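Chemist: You'll find query.pdb just under this line, and it carries PDB, C-alpha atoms and all ligand atoms.
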ATOM      1  CA  VAL A   1      -1.994   5.752 -16.222
ATOM      2  CA  LEU A   2      -4.973   4.606 -14.227
ATOM      3  CA  LEU A   3      -5.110   7.926 -12.445
ATOM      4  CA  HIS A   4      -5.183   9.873 -15.705
ATOM      5  CA  LEU A   5      -8.087   7.830 -16.983
ATOM      6  CA  LEU A   6     -10.042   8.134 -13.789
ATOM      7  CA  ALA A   7      -9.494  11.735 -12.876
ATOM      8  CA  PRO A   8     -12.246  13.181 -15.114
ATOM      9  CA  THR A   9     -14.869  10.786 -13.730
ATOM     10  CA  ALA A  10     -13.985  11.356 -10.082
ATOM     11  CA  LYS A  11     -15.676  14.694  -9.650
ATOM     12  CA  PRO A  12     -19.254  14.039 -10.831
ATOM     13  CA  PHE A  13     -19.304  10.653  -9.089
ATOM     14  CA  ALA A  14     -18.260  12.117  -5.754
ATOM     15  CA  ASP A  15     -20.559  15.132  -6.104
ATOM     16  CA  LYS A  16     -23.476  12.811  -6.720
ATOM     17  CA  LEU A  17     -22.667  11.073  -3.449
ATOM     18  CA  GLY A  18     -22.367  14.377  -1.620
ATOM     19  CA  VAL A  19     -18.765  13.930  -0.505
ATOM     20  CA  ALA A  20     -17.137  17.134   0.714
ATOM     21  CA  ARG A  21     -14.675  19.012  -1.459
ATOM     22  CA  ALA A  22     -14.375  21.948   0.907
ATOM     23  CA  VAL A  23     -13.633  22.776   4.510
ATOM     24  CA  ASP A  24     -16.071  24.627   6.760
ATOM     25  CA  GLN A  25     -13.673  27.245   8.039
ATOM     26  CA  HIS A  26     -12.528  30.459   6.449
ATOM     27  CA  GLY A  27      -9.254  29.552   4.785
ATOM     28  CA  VAL A  28      -7.910  26.690   2.713
ATOM     29  CA  ALA A  29      -6.651  23.210   3.572
ATOM     30  CA  ILE A  30      -3.428  21.839   2.106
ATOM     31  CA  THR A  31      -3.464  18.056   1.893
ATOM     32  CA  PHE A  32      -0.766  15.490   1.054
ATOM     33  CA  ASP A  33      -1.640  11.941   0.032
ATOM     34  CA  ASP A  34       0.212   8.614  -0.214
ATOM     35  CA  GLY A  35       2.959   8.914   2.431
ATOM     36  CA  PRO A  36       4.869   8.650   4.575
ATOM     37  CA  HIS A  37       7.798   8.732   2.172
ATOM     38  CA  PRO A  38      11.467   8.653   3.267
ATOM     39  CA  GLU A  39      12.437  11.693   1.183
ATOM     40  CA  GLY A  40       9.185  13.503   0.406
ATOM     41  CA  THR A  41       7.666  13.613   3.873
ATOM     42  CA  PRO A  42      10.659  15.084   5.765
ATOM     43  CA  ALA A  43      11.149  17.686   3.023
ATOM     44  CA  VAL A  44       7.503  18.750   3.137
ATOM     45  CA  LEU A  45       7.529  18.818   6.946
ATOM     46  CA  GLU A  46      10.536  21.117   6.904
ATOM     47  CA  ILE A  47       8.952  23.590   4.468
ATOM     48  CA  LEU A  48       5.716  23.633   6.469
ATOM     49  CA  ALA A  49       7.618  24.113   9.742
ATOM     50  CA  GLN A  50       9.557  27.053   8.350
ATOM     51  CA  ALA A  51       6.324  28.628   7.157
ATOM     52  CA  GLY A  52       4.529  27.841  10.419
ATOM     53  CA  ILE A  53       1.738  26.072   8.556
ATOM     54  CA  SER A  54      -0.265  22.963   9.413
ATOM     55  CA  ALA A  55      -1.473  20.529   6.759
ATOM     56  CA  THR A  56      -3.372  17.270   6.459
ATOM     57  CA  PHE A  57      -1.657  13.988   5.535
ATOM     58  CA  PHE A  58      -3.766  11.133   4.153
ATOM     59  CA  LEU A  59      -1.501   8.164   4.907
ATOM     60  CA  THR A  60      -1.406   4.652   3.504
ATOM     61  CA  GLY A  61      -1.078   1.914   6.097
ATOM     62  CA  GLU A  62       1.421  -0.090   4.042
ATOM     63  CA  GLN A  63       3.801   2.889   4.090
ATOM     64  CA  VAL A  64       3.181   3.676   7.760
ATOM     65  CA  VAL A  65       4.247   0.177   8.826
ATOM     66  CA  GLN A  66       7.478   0.645   6.818
ATOM     67  CA  ARG A  67       8.336   3.922   8.551
ATOM     68  CA  PRO A  68       6.135   4.597  11.589
ATOM     69  CA  HIS A  69       8.602   7.216  12.863
ATOM     70  CA  LEU A  70       7.681   9.504   9.977
ATOM     71  CA  ALA A  71       3.989   9.183  10.773
ATOM     72  CA  GLN A  72       4.801   9.990  14.403
ATOM     73  CA  GLN A  73       6.955  12.940  13.373
ATOM     74  CA  THR A  74       4.162  14.302  11.180
ATOM     75  CA  ARG A  75       1.746  14.048  14.078
ATOM     76  CA  ALA A  76       4.209  15.584  16.549
ATOM     77  CA  ALA A  77       4.621  18.604  14.244
ATOM     78  CA  GLY A  78       0.912  19.353  14.700
ATOM     79  CA  HIS A  79      -0.400  18.178  11.344
ATOM     80  CA  LEU A  80      -3.638  16.268  10.914
ATOM     81  CA  ILE A  81      -3.153  12.553  10.282
ATOM     82  CA  ALA A  82      -5.866  10.970   8.147
ATOM     83  CA  LEU A  83      -6.618   7.685   6.389
ATOM     84  CA  HIS A  84      -6.085   7.027   2.674
ATOM     85  CA  GLY A  85      -6.191   3.204   2.851
ATOM     86  CA  TYR A  86      -3.921   0.317   3.723
ATOM     87  CA  GLN A  87      -3.010  -0.424   0.139
ATOM     88  CA  HIS A  88      -3.581   2.072  -2.671
ATOM     89  CA  LYS A  89      -6.284   0.408  -4.698
ATOM     90  CA  LEU A  90      -9.297   1.695  -6.563
ATOM     91  CA  GLN A  91     -12.272   0.786  -4.395
ATOM     92  CA  LEU A  92     -14.483   0.112  -7.410
ATOM     93  CA  ARG A  93     -12.189  -2.753  -8.420
ATOM     94  CA  LEU A  94     -12.491  -4.448  -5.016
ATOM     95  CA  LYS A  95     -15.258  -6.512  -3.474
ATOM     96  CA  PRO A  96     -17.177  -4.693  -0.730
ATOM     97  CA  GLN A  97     -15.566  -6.829   1.977
ATOM     98  CA  GLN A  98     -12.084  -6.128   0.581
ATOM     99  CA  VAL A  99     -12.746  -2.386   0.709
ATOM    100  CA  ALA A 100     -13.922  -2.584   4.305
ATOM    101  CA  ASP A 101     -10.970  -4.774   5.306
ATOM    102  CA  ASP A 102      -8.442  -2.458   3.636
ATOM    103  CA  MET A 103      -9.823   0.645   5.324
ATOM    104  CA  ARG A 104     -10.015  -0.986   8.756
ATOM    105  CA  ARG A 105      -6.498  -2.393   8.390
ATOM    106  CA  GLY A 106      -5.184   1.012   7.301
ATOM    107  CA  ALA A 107      -6.891   2.801  10.188
ATOM    108  CA  ALA A 108      -5.494   0.269  12.683
ATOM    109  CA  ALA A 109      -1.955   0.596  11.280
ATOM    110  CA  ILE A 110      -2.020   4.394  11.469
ATOM    111  CA  GLU A 111      -3.634   4.485  14.909
ATOM    112  CA  ASP A 112      -1.129   1.913  16.214
ATOM    113  CA  ALA A 113       1.827   3.894  14.895
ATOM    114  CA  THR A 114       0.692   7.343  15.990
ATOM    115  CA  GLY A 115      -1.815   6.918  18.812
ATOM    116  CA  VAL A 116      -4.134   9.198  16.822
ATOM    117  CA  LYS A 117      -7.886   8.614  16.659
ATOM    118  CA  LEU A 118      -8.536   9.187  12.976
ATOM    119  CA  THR A 119     -11.252  11.620  11.908
ATOM    120  CA  HIS A 120     -10.966  11.960   8.117
ATOM    121  CA  HIS A 121     -10.670   9.699   5.078
ATOM    122  CA  ARG A 122      -9.964  10.099   1.378
ATOM    123  CA  PRO A 123      -9.972   7.035  -0.877
ATOM    124  CA  PRO A 124      -7.248   6.316  -3.459
ATOM    125  CA  TYR A 125      -7.938   8.319  -6.655
ATOM    126  CA  GLY A 126     -10.663  10.178  -4.761
ATOM    127  CA  ILE A 127     -13.212   7.573  -5.758
ATOM    128  CA  TYR A 128     -15.522   5.863  -3.278
ATOM    129  CA  SER A 129     -17.390   2.647  -3.744
ATOM    130  CA  PRO A 130     -20.651   2.312  -1.778
ATOM    131  CA  ALA A 131     -18.834  -0.042   0.627
ATOM    132  CA  GLY A 132     -16.093   2.561   1.075
ATOM    133  CA  LEU A 133     -18.575   5.232   2.082
ATOM    134  CA  GLU A 134     -20.345   2.817   4.431
ATOM    135  CA  THR A 135     -17.049   1.872   6.053
ATOM    136  CA  ALA A 136     -16.041   5.509   6.479
ATOM    137  CA  GLN A 137     -19.334   6.088   8.270
ATOM    138  CA  ALA A 138     -18.891   2.969  10.407
ATOM    139  CA  LEU A 139     -15.403   4.143  11.418
ATOM    140  CA  ASN A 140     -16.642   7.685  12.125
ATOM    141  CA  LEU A 141     -14.422   9.100   9.399
ATOM    142  CA  THR A 142     -15.471  12.227   7.531
ATOM    143  CA  PRO A 143     -14.845  11.849   3.774
ATOM    144  CA  LEU A 144     -12.897  14.719   2.264
ATOM    145  CA  LEU A 145     -11.912  15.058  -1.381
ATOM    146  CA  TRP A 146     -10.388  18.220  -2.889
ATOM    147  CA  SER A 147     -11.272  21.307  -4.900
ATOM    148  CA  THR A 148      -7.946  21.875  -6.687
ATOM    149  CA  ALA A 149      -5.220  19.384  -7.575
ATOM    150  CA  GLY A 150      -1.609  20.193  -8.392
ATOM    151  CA  LYS A 151      -1.645  17.110 -10.644
ATOM    152  CA  ASP A 152       1.837  16.532  -9.272
ATOM    153  CA  TRP A 153       1.549  12.824 -10.089
ATOM    154  CA  ARG A 154       2.048  13.537 -13.775
ATOM    155  CA  LYS A 155       5.345  12.607 -15.390
ATOM    156  CA  PHE A 156       5.534  15.729 -17.539
ATOM    157  CA  THR A 157       4.840  18.644 -15.257
ATOM    158  CA  THR A 158       6.894  21.326 -13.558
ATOM    159  CA  PRO A 159       6.866  22.852 -10.088
ATOM    160  CA  ALA A 160       5.495  26.102 -11.547
ATOM    161  CA  ARG A 161       2.703  24.258 -13.310
ATOM    162  CA  ILE A 162       1.833  22.312 -10.152
ATOM    163  CA  ALA A 163       1.640  25.561  -8.190
ATOM    164  CA  THR A 164      -0.571  27.210 -10.815
ATOM    165  CA  ARG A 165      -2.950  24.262 -10.965
ATOM    166  CA  ALA A 166      -3.163  24.126  -7.177
ATOM    167  CA  THR A 167      -3.997  27.814  -6.736
ATOM    168  CA  LYS A 168      -5.521  29.244  -9.925
ATOM    169  CA  THR A 169      -9.165  28.536  -9.108
ATOM    170  CA  LEU A 170      -8.641  28.212  -5.358
ATOM    171  CA  LYS A 171     -11.100  30.056  -3.128
ATOM    172  CA  HIS A 172     -11.851  30.242   0.559
ATOM    173  CA  LYS A 173     -12.824  26.818   1.961
ATOM    174  CA  GLY A 174     -10.869  25.162  -0.837
ATOM    175  CA  VAL A 175      -8.865  21.976  -0.446
ATOM    176  CA  ILE A 176      -5.562  21.517  -2.304
ATOM    177  CA  LEU A 177      -4.453  18.009  -3.299
ATOM    178  CA  LEU A 178      -0.722  17.301  -3.376
ATOM    179  CA  HIS A 179       1.445  14.204  -2.862
ATOM    180  CA  ASP A 180       4.534  13.943  -0.666
ATOM    181  CA  ALA A 181       5.275  10.469  -2.049
ATOM    182  CA  ASP A 182       5.904   8.861  -5.439
ATOM    183  CA  PHE A 183       4.829   5.329  -4.521
ATOM    184  CA  TYR A 184       1.724   5.425  -6.692
ATOM    185  CA  SER A 185       2.572   8.149  -9.196
ATOM    186  CA  SER A 186       5.396   8.930 -11.602
ATOM    187  CA  LYS A 187       8.891   8.303 -10.269
ATOM    188  CA  LEU A 188      10.344  11.071  -8.060
ATOM    189  CA  SER A 189       7.173  13.141  -8.506
ATOM    190  CA  HIS A 190       7.520  14.303  -4.888
ATOM    191  CA  ARG A 191      10.625  16.282  -5.810
ATOM    192  CA  LYS A 192       8.545  18.546  -8.036
ATOM    193  CA  THR A 193       5.947  18.848  -5.294
ATOM    194  CA  ILE A 194       8.675  19.902  -2.854
ATOM    195  CA  GLU A 195       9.741  22.624  -5.288
ATOM    196  CA  ALA A 196       6.151  23.671  -5.914
ATOM    197  CA  LEU A 197       5.193  23.966  -2.253
ATOM    198  CA  PRO A 198       7.014  27.268  -1.534
ATOM    199  CA  LEU A 199       5.412  28.732  -4.686
ATOM    200  CA  ILE A 200       1.987  27.646  -3.464
ATOM    201  CA  LEU A 201       2.577  29.071   0.010
ATOM    202  CA  ALA A 202       3.740  32.380  -1.503
ATOM    203  CA  GLU A 203       0.570  32.587  -3.576
ATOM    204  CA  LEU A 204      -1.637  31.840  -0.553
ATOM    205  CA  ASN A 205       0.223  34.528   1.324
ATOM    206  CA  ARG A 206      -0.198  37.020  -1.521
ATOM    207  CA  ARG A 207      -3.943  36.326  -1.628
ATOM    208  CA  GLU A 208      -4.199  36.369   2.166
ATOM    209  CA  LEU A 209      -5.626  32.849   2.247
ATOM    210  CA  ALA A 210      -5.005  31.315   5.664
ATOM    211  CA  THR A 211      -4.393  27.594   5.974
ATOM    212  CA  VAL A 212      -6.670  25.503   8.179
ATOM    213  CA  LEU A 213      -7.109  21.890   9.216
ATOM    214  CA  PRO A 214     -10.462  20.269   8.394
ATOM    215  CA  VAL A 215     -12.779  19.613  11.352
TER
HETATM  216 ZN    ZN A 301      -3.330   8.422  -3.357
END
Could the structure of this file be written out as structure tokens, please?

Modeler:
Amino acid sequence: VLLHLLAPTAKPFADKLGVARAVDQHGVAITFDDGPHPEGTPAVLEILAQAGISATFFLTGEQVVQRPHLAQQTRAAGHLIALHGYQHKLQLRLKPQQVADDMRRGAAAIEDATGVKLTHHRPPYGIYSPAGLETAQALNLTPLLWSTAGKDWRKFTTPARIATRATKTLKHKGVILLHDADFYSSKLSHRKTIEALPLILAELNRRELATVLPV
């Protein structure tokens, strides 16, 4: 419910702060938030492997400590591991110190589990507080939001609808937001995402949009 209320405000707020919603390279970036998830992450990894495509995973520390092997597996498959947070809380509802602590704790958990030096961050709900942006800068993390969202967190959606939303207005340099986990969205939402992903990849293929990792 919170996400639905906040989604419309996320874009102007982030744009005002100059946070990126695009990648620099020719192509598009596919991104998955909120994992690793015991069912969603392996399923997504398998689809991506079969398609020979690399994606970006914005992980939550509290899920990484539950299943570090999935974070390691994601990394080993050549995908970009990035920071979402430790917990999944709206930064604007936290005190500045709590935001900084959560991001640092999340980064440490992910780096401990994977050995990766993190380079990118996206806050829960795509909304930064000033302290969140400052902390990203202090940790040398590039903020990256998205240009199209599958809105796969919604209870009443379908794989076809997710795929359409993710690709309809997508252009070169675009960033697609999807979720390989249902921890913070409607129950079993990742199953629809898993069904939508091949549809999205087929559409990218049809439009000759290559997939890239953000730099
Ligand atoms: Zn999230």

Chemist: Neighbouring residues of ligand ZN 301 (chain A) are defined here as those with any atom at most 10 Å from a ligand atom, counting only C-alpha atoms and all ligand atoms; list them as a PyMOL selection string.

Modeler: chain A and resi 3+32-35+58-60+84-85+87-90+122-126+153+177-185

Chemist: Selection in question (the file shown): the PyMOL selection byres (((chain A and resi 128) around 10) and not hetatm). Which residues does it include, as a list in words?

Modeler: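 Answer for the PyMOL selection byres (((chain A and resi 128) around 10) and not hetatm): Ala10, Phe13, Ala14, Leu17, Val19, Leu90, Gln91, Leu92, Val99, Arg122, Pro123, Pro124, Tyr125, Gly126, Ile127, Ser129, Pro130, Ala131, Gly132, Leu133, Glu134, Ala136 and Pro143 of chain A.
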
Chemist: Taking the file above as input, evaluate the PyMOL selection byres (((chain A and resi 161) around 10) and not hetatm) and report the hits as a PDB file with C-alpha atoms, keeping the file's coordinate frame.

Modeler:
ATOM      1  CA  GLY A 150      -1.609  20.193  -8.392  1.00  0.00           C
ATOM      2  CA  LYS A 151      -1.645  17.110 -10.644  1.00  0.00           C
ATOM      3  CA  ASP A 152       1.837  16.532  -9.272  1.00  0.00           C
ATOM      4  CA  PHE A 156       5.534  15.729 -17.539  1.00  0.00           C
ATOM      5  CA  THR A 157       4.840  18.644 -15.257  1.00  0.00           C
ATOM      6  CA  THR A 158       6.894  21.326 -13.558  1.00  0.00           C
ATOM      7  CA  PRO A 159       6.866  22.852 -10.088  1.00  0.00           C
ATOM      8  CA  ALA A 160       5.495  26.102 -11.547  1.00  0.00           C
ATOM      9  CA  ILE A 162       1.833  22.312 -10.152  1.00  0.00           C
ATOM     10  CA  ALA A 163       1.640  25.561  -8.190  1.00  0.00           C
ATOM     11  CA  THR A 164      -0.571  27.210 -10.815  1.00  0.00           C
ATOM     12  CA  ARG A 165      -2.950  24.262 -10.965  1.00  0.00           C
ATOM     13  CA  ALA A 166      -3.163  24.126  -7.177  1.00  0.00           C
ATOM     14  CA  LYS A 192       8.545  18.546  -8.036  1.00  0.00           C
ATOM     15  CA  ALA A 196       6.151  23.671  -5.914  1.00  0.00           C
TER      16      ALA A 196
END

Chemist: Skip Ile110 in chain A itself and residues of its chain fewer than 5 positions away, then list as a short mmCIF file (atom, residue, chain, number, x, y, z; two decimals) with C-alpha atoms, in the coordinates of the input all residues within 9 Å of it, counting only C-alpha atoms.

Modeler:
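What ended up in out_11.cif:
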data_model
loop_
_atom_site.label_atom_id
_atom_site.label_comp_id
_atom_site.auth_asym_id
_atom_site.auth_seq_id
_atom_site.Cartn_x
_atom_site.Cartn_y
_atom_site.Cartn_z
CA LEU A 59 -1.50 8.16 4.91
CA THR A 60 -1.41 4.65 3.50
CA GLY A 61 -1.08 1.91 6.10
CA VAL A 64 3.18 3.68 7.76
CA VAL A 65 4.25 0.18 8.83
CA PRO A 68 6.14 4.60 11.59
CA ALA A 71 3.99 9.18 10.77
CA ILE A 81 -3.15 12.55 10.28
CA ALA A 82 -5.87 10.97 8.15
CA LEU A 83 -6.62 7.68 6.39
CA TYR A 86 -3.92 0.32 3.72
CA ARG A 105 -6.50 -2.39 8.39
CA GLY A 115 -1.82 6.92 18.81
CA VAL A 116 -4.13 9.20 16.82
CA LYS A 117 -7.89 8.61 16.66
CA LEU A 118 -8.54 9.19 12.98
#

Chemist: Would you mind reading off the distance between CA of Leu145 in chain A and CA of Arg75 in chain A, one decimal, in Å?

Modeler: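 Calculated distance between CA of Leu145 in chain A and CA of Arg75 in chain A is 20.7 Å.
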
Chemist: Within 12 Å of (-19.9, 19.6, 1.9), only C-alpha atoms: residues as a PDB file with C-alpha atoms, keeping the file's coordinate frame?

Modeler:
ATOM      1  CA  ALA A  14     -18.260  12.117  -5.754  1.00  0.00           C
ATOM      2  CA  ASP A  15     -20.559  15.132  -6.104  1.00  0.00           C
ATOM      3  CA  LYS A  16     -23.476  12.811  -6.720  1.00  0.00           C
ATOM      4  CA  LEU A  17     -22.667  11.073  -3.449  1.00  0.00           C
ATOM      5  CA  GLY A  18     -22.367  14.377  -1.620  1.00  0.00           C
ATOM      6  CA  VAL A  19     -18.765  13.930  -0.505  1.00  0.00           C
ATOM      7  CA  ALA A  20     -17.137  17.134   0.714  1.00  0.00           C
ATOM      8  CA  ARG A  21     -14.675  19.012  -1.459  1.00  0.00           C
ATOM      9  CA  ALA A  22     -14.375  21.948   0.907  1.00  0.00           C
ATOM     10  CA  VAL A  23     -13.633  22.776   4.510  1.00  0.00           C
ATOM     11  CA  ASP A  24     -16.071  24.627   6.760  1.00  0.00           C
ATOM     12  CA  GLN A  25     -13.673  27.245   8.039  1.00  0.00           C
ATOM     13  CA  THR A 142     -15.471  12.227   7.531  1.00  0.00           C
ATOM     14  CA  PRO A 143     -14.845  11.849   3.774  1.00  0.00           C
ATOM     15  CA  LEU A 144     -12.897  14.719   2.264  1.00  0.00           C
ATOM     16  CA  LEU A 145     -11.912  15.058  -1.381  1.00  0.00           C
ATOM     17  CA  TRP A 146     -10.388  18.220  -2.889  1.00  0.00           C
ATOM     18  CA  SER A 147     -11.272  21.307  -4.900  1.00  0.00           C
ATOM     19  CA  LYS A 173     -12.824  26.818   1.961  1.00  0.00           C
ATOM     20  CA  GLY A 174     -10.869  25.162  -0.837  1.00  0.00           C
ATOM     21  CA  VAL A 175      -8.865  21.976  -0.446  1.00  0.00           C
ATOM     22  CA  PRO A 214     -10.462  20.269   8.394  1.00  0.00           C
ATOM     23  CA  VAL A 215     -12.779  19.613  11.352  1.00  0.00           C
TER      24      VAL A 215
END

Chemist: Taking the file as shown, what set of residues would the PyMOL selection byres (((chain A and resi 45) around 10) and not hetatm) give back, as a list in words?

Modeler: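 The output of the PyMOL selection byres (((chain A and resi 45) around 10) and not hetatm) on this file is Gly40, Thr41, Pro42, Ala43, Val44, Glu46, Ile47, Leu48, Ala49, Gln50, Ala51, Ile53, Ser54, Ala55, Leu70, Gln73, Thr74, Ala77, His79, Asp180 and Ile194 of chain A.
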
Chemist: Between CA of Ala210 in chain A and CA of His120 in chain A, what distance in Å does the model show, to one decimal?

Modeler: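 Result for CA of Ala210 in chain A versus CA of His120 in chain A: 20.4 Å, one decimal.
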
Chemist: Would you mind reading off the distance between CA of Gly106 in chain A and CA of Gly52 in chain A, one decimal, in Å?

Modeler: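 So the two atoms, CA of Gly106 in chain A and CA of Gly52 in chain A, lie 28.7 Å apart.
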
Chemist: May I ask which of the residues A:Pro198, A:Pro36, A:Pro96, A:Gly27 is the closest one to Lys171 in chain A, counting all atoms listed in the file?

Modeler: A:Gly27
